[in-house]
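A quick write-up on the structure given underneath.
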Amino acid sequence: MQKLLLLFLVTLSISISSCRKDFEFETSTGGLEFSKDTVYLDTVFSNIGSSTYRLKVYNKSNNDIVIPKIQLRKGVDSKYRIMVDGMTGDSGAQGKIFSNVELLAKDSLFIFIEVTSDVASANPSDFLYTDNIDFYNASGTPQDVDLVTLIQDAYFLYPKKFSDGTTETLPIGEEEIYGFYLDHNDPSNGDEYVWNNTKPYVIYGYAAVPNGETLTVQKGARVHFHDASGLIVGNNATLKIQGEASTSAALENQVIFEGDRLEPDFSDTPGQWGTIWLTSGSKNHDINHLTIKNAVVGLLIENNNPSQAISIKNTQIYNSSNIGIYAKTASIKGENVVVNYGGQAALACTIGGSYEFTHCTFNNNWPSSKQVAVLVNNYYIDPNNVQIPIKLEKAVFTNCIIFGNNQNELAISKNTNAAFWTTPVFTRCQIKCNNTNNSLSTNTDYDFLNDATNIIKNGNPNFWNIESNKLNIGASSSAKGFGITTSVTQDLVGTARIAPGIDLGAYQHIVFPN
């Protein structure tokens, strides 16, 4: 019986297979459909390759077809490169021309697209570089899909390569890192100690400002840092950020530091580049109207002279994978500062120092149970796990918002040696700080929270859109009208602060647009 069943199955299989025709491909007569009529590749810098973009091609007919040719219209001279269903292209025209591409009935294929072009190849009026993918057929005119890319020229700053094959590095302690010193007379960029707004700057490695030099960044400058890159301001050197208030959404006068990935998917991705490091011994820094986005640490500030407090005004720091402002025995005076999202903290005032923040907004909605908006301590931990106290000279917060998605967004950590501690002062602030599990009941450093005339504990700041880094407060904000008069008479965008309607944080309240 089993033999008869086996014989029946074999016979049935042969019968079915004998009814199937072998695939017979006929030449395409057109009628292909596409996932997009135009593929817009996001802005790229001159001579820097783009990300990979995808186009899907559909054969919705009942026939298996062969497309005689798929090619870039500019042929082998095109700055675009394509791959068709894993195929690299005809010999001598790889990435440009593909002959006799088969496509089954009711099936589809993928085309992957990249571009590397210079600004000289783009249209001089709009800096667009364009081409087409042509799909040939037996009926006549090829079907096509447009390709469009904006090419942006830039100043490129990177370590030099020497004749012996080595590359320039920077000494950091006993280490060497990939980096370079700026040059007053660079043959391509001119004076690299003045960054202007004529075209963007793209930094590879760490750019260093050496002893006695000053880097001046003029209003409207755009600076893009590659992965593991940043800026180091050395001993006796100075950073001047000369941004100004802008009058449009283009932020035309703002200075912006961010990564070099220009695609929208990377616009708010943390940790794309390193940090702006103001090292111990650097001095006379002045930062105004600066936006820092998507770094590991936005500003790393070490051991600056207390008599020369770093001035940080009208500055925004967003999406730092570690800390927005990481101060280590630093002296900072901040006005109209906004810091949003940090893997550990928005603001960390550590190892003592002197800090004065007025009308600042520190918010942290990083998805972690351990993150805080503001951390203050007066010690470091040595290699033997021993706390070494360093004097906290001052920590004064006036008209500030300290908030986030955890129960306690303010972390005060004091070394037991009182000689190294000056109790932080919070005047007219809104602070997210819940007494969960009675954790604050016996901690005298948090006694100020009980002063309801001076502190809004919890409440709702009514931020516009935290995920989009819009920390403006709305008309229903509990921070509205709670502030006192200070010397900071305008908010971050230039709105006047007039008593008695002075709001907490960096912004006066607004009515949110629909």
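Ligands are numbered from 1 in the order shown, residues from 1 within each chain, and chains are lettered A, B, ... in the order they appear in the structure tokens.
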
* List the neighbours of A:Lys69 out to 6 Å using only C-alpha atoms; skip same-chain residues closer than 6 positions along the sequence, and give me the result as a PyMOL selection string. => chain A and resi 98-100+136

Could you give me, as a tab-separated table, a per-residue list for stretch 151-241 of chain A showing, wherever an atom lies at most 12 Å from an atom of stretch 304-309 of chain A, the closest pair of atoms and their distance in Å to one decimal, using only C-alpha atoms and sorting by chain then residue number from low to high?
residue	atom	partner	partner_atom	distance
A:Val233	CA	A:Asn304	CA	11.6
A:Gly234	CA	A:Asn304	CA	11.2
A:Asn235	CA	A:Asn304	CA	9.8
A:Asn236	CA	A:Asn304	CA	10.0
A:Ala237	CA	A:Asn304	CA	11.2
A:Thr238	CA	A:Asn304	CA	11.2

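Among A:Leu262, A:Ile351, A:Ile113, A:Met87, the residue with the shortest atom-to-atom distance to A:Ile388, counting only C-alpha atoms, is A:Ile351.
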
* Test item, strand (DSSP E or B) assignment across stretch 263-380 of chain A, answer as a PyMOL selection string -> chain A and resi 273-278+286-288+290-293+295-302+310-320+323-342+345-358+361-364+372-377+379-380

Go ahead and dump the residues you just picked, C-alpha atoms, as a compact mmCIF listing (two decimals), in the first residue's frame.
# COMPACT_ATOMS: atom_id res chain seq x y z
CA TRP A 273 30.02 63.61 17.28
CA GLY A 274 32.20 64.32 20.31
CA THR A 275 32.22 67.60 22.22
CA ILE A 276 33.29 71.22 22.52
CA TRP A 277 36.03 70.93 25.14
CA LEU A 278 37.11 74.08 26.97
CA ASP A 286 32.11 84.23 25.43
CA ILE A 287 29.24 82.23 23.94
CA ASN A 288 26.12 83.91 22.56
CA LEU A 290 24.81 79.12 19.89
CA THR A 291 22.88 75.91 19.19
CA ILE A 292 24.62 72.57 19.83
CA LYS A 293 22.88 69.44 18.60
CA ALA A 295 26.86 65.55 20.51
CA VAL A 296 28.10 63.09 23.12
CA VAL A 297 28.74 66.03 25.48
CA GLY A 298 27.57 69.44 24.30
CA LEU A 299 29.99 71.59 26.31
CA LEU A 300 32.77 70.10 28.44
CA ILE A 301 34.18 72.87 30.65
CA GLU A 302 37.12 72.23 32.96
CA ILE A 310 32.46 81.68 31.11
CA SER A 311 29.54 83.66 29.72
CA ILE A 312 26.90 81.47 28.05
CA LYS A 313 23.90 83.41 26.78
CA ASN A 314 20.91 82.60 24.57
CA THR A 315 22.27 79.12 23.96
CA GLN A 316 20.47 75.85 23.22
CA ILE A 317 21.93 72.35 23.66
CA TYR A 318 19.90 69.38 22.48
CA ASN A 319 20.12 65.58 22.32
CA SER A 320 23.45 64.90 24.03
CA ILE A 323 25.57 65.35 29.20
CA GLY A 324 24.49 68.70 27.76
CA ILE A 325 26.79 70.93 29.84
CA TYR A 326 29.44 69.00 31.78
CA ALA A 327 31.19 71.41 34.15
CA LYS A 328 34.18 70.18 36.18
CA THR A 329 35.40 72.74 38.74
CA ALA A 330 34.19 75.37 36.30
CA SER A 331 33.00 78.94 36.64
CA ILE A 332 29.93 79.67 34.52
CA LYS A 333 27.44 82.49 34.22
CA GLY A 334 24.48 81.35 32.11
CA GLU A 335 21.52 83.40 30.90
CA ASN A 336 18.66 82.20 28.69
CA VAL A 337 20.19 78.74 28.35
CA VAL A 338 18.06 75.77 27.25
CA VAL A 339 19.28 72.18 27.59
CA ASN A 340 17.03 69.29 26.57
CA TYR A 341 17.75 65.55 26.60
CA GLY A 342 20.93 64.05 28.05
CA ALA A 345 22.15 64.91 32.79
CA ALA A 346 21.16 68.09 31.02
CA LEU A 347 23.49 70.09 33.31
CA ALA A 348 26.17 68.56 35.55
CA CYS A 349 27.96 70.98 37.92
CA THR A 350 30.61 68.63 39.32
CA ILE A 351 33.82 68.67 41.35
CA GLY A 352 32.90 72.00 42.90
CA GLY A 353 33.19 75.27 40.99
CA SER A 354 31.07 78.40 40.77
CA TYR A 355 27.77 78.56 38.89
CA GLU A 356 25.13 81.20 38.32
CA PHE A 357 22.18 80.50 36.04
CA THR A 358 19.38 82.99 35.40
CA THR A 361 15.47 75.79 31.21
CA PHE A 362 16.97 72.39 32.02
CA ASN A 363 14.73 69.51 30.93
CA ASN A 364 15.54 65.84 30.58
CA VAL A 372 18.43 63.96 35.87
CA ALA A 373 18.00 67.49 34.60
CA VAL A 374 20.53 69.06 37.02
CA LEU A 375 23.32 67.47 39.06
CA VAL A 376 25.41 69.39 41.63
CA ASN A 377 28.30 67.91 43.64
CA TYR A 379 33.92 65.99 44.86
CA TYR A 380 35.49 63.51 42.51

* Write out as a count of residues only which residues come within 9 Å of stretch 206-215 of chain A when counting only C-alpha atoms, dropping same-chain ones fewer than 5 positions away. => 32

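What separates atom CA of A:Thr279 from atom CA of A:Asn303 is a distance of 7.3 Å.
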
* To do: Find the residues near A:Thr247: any atom within 9 Å, counting only C-alpha atoms, skip ones fewer than 5 places away on the same chain, and give them as a ChimeraX atom specification.
  => /A:252-253,493
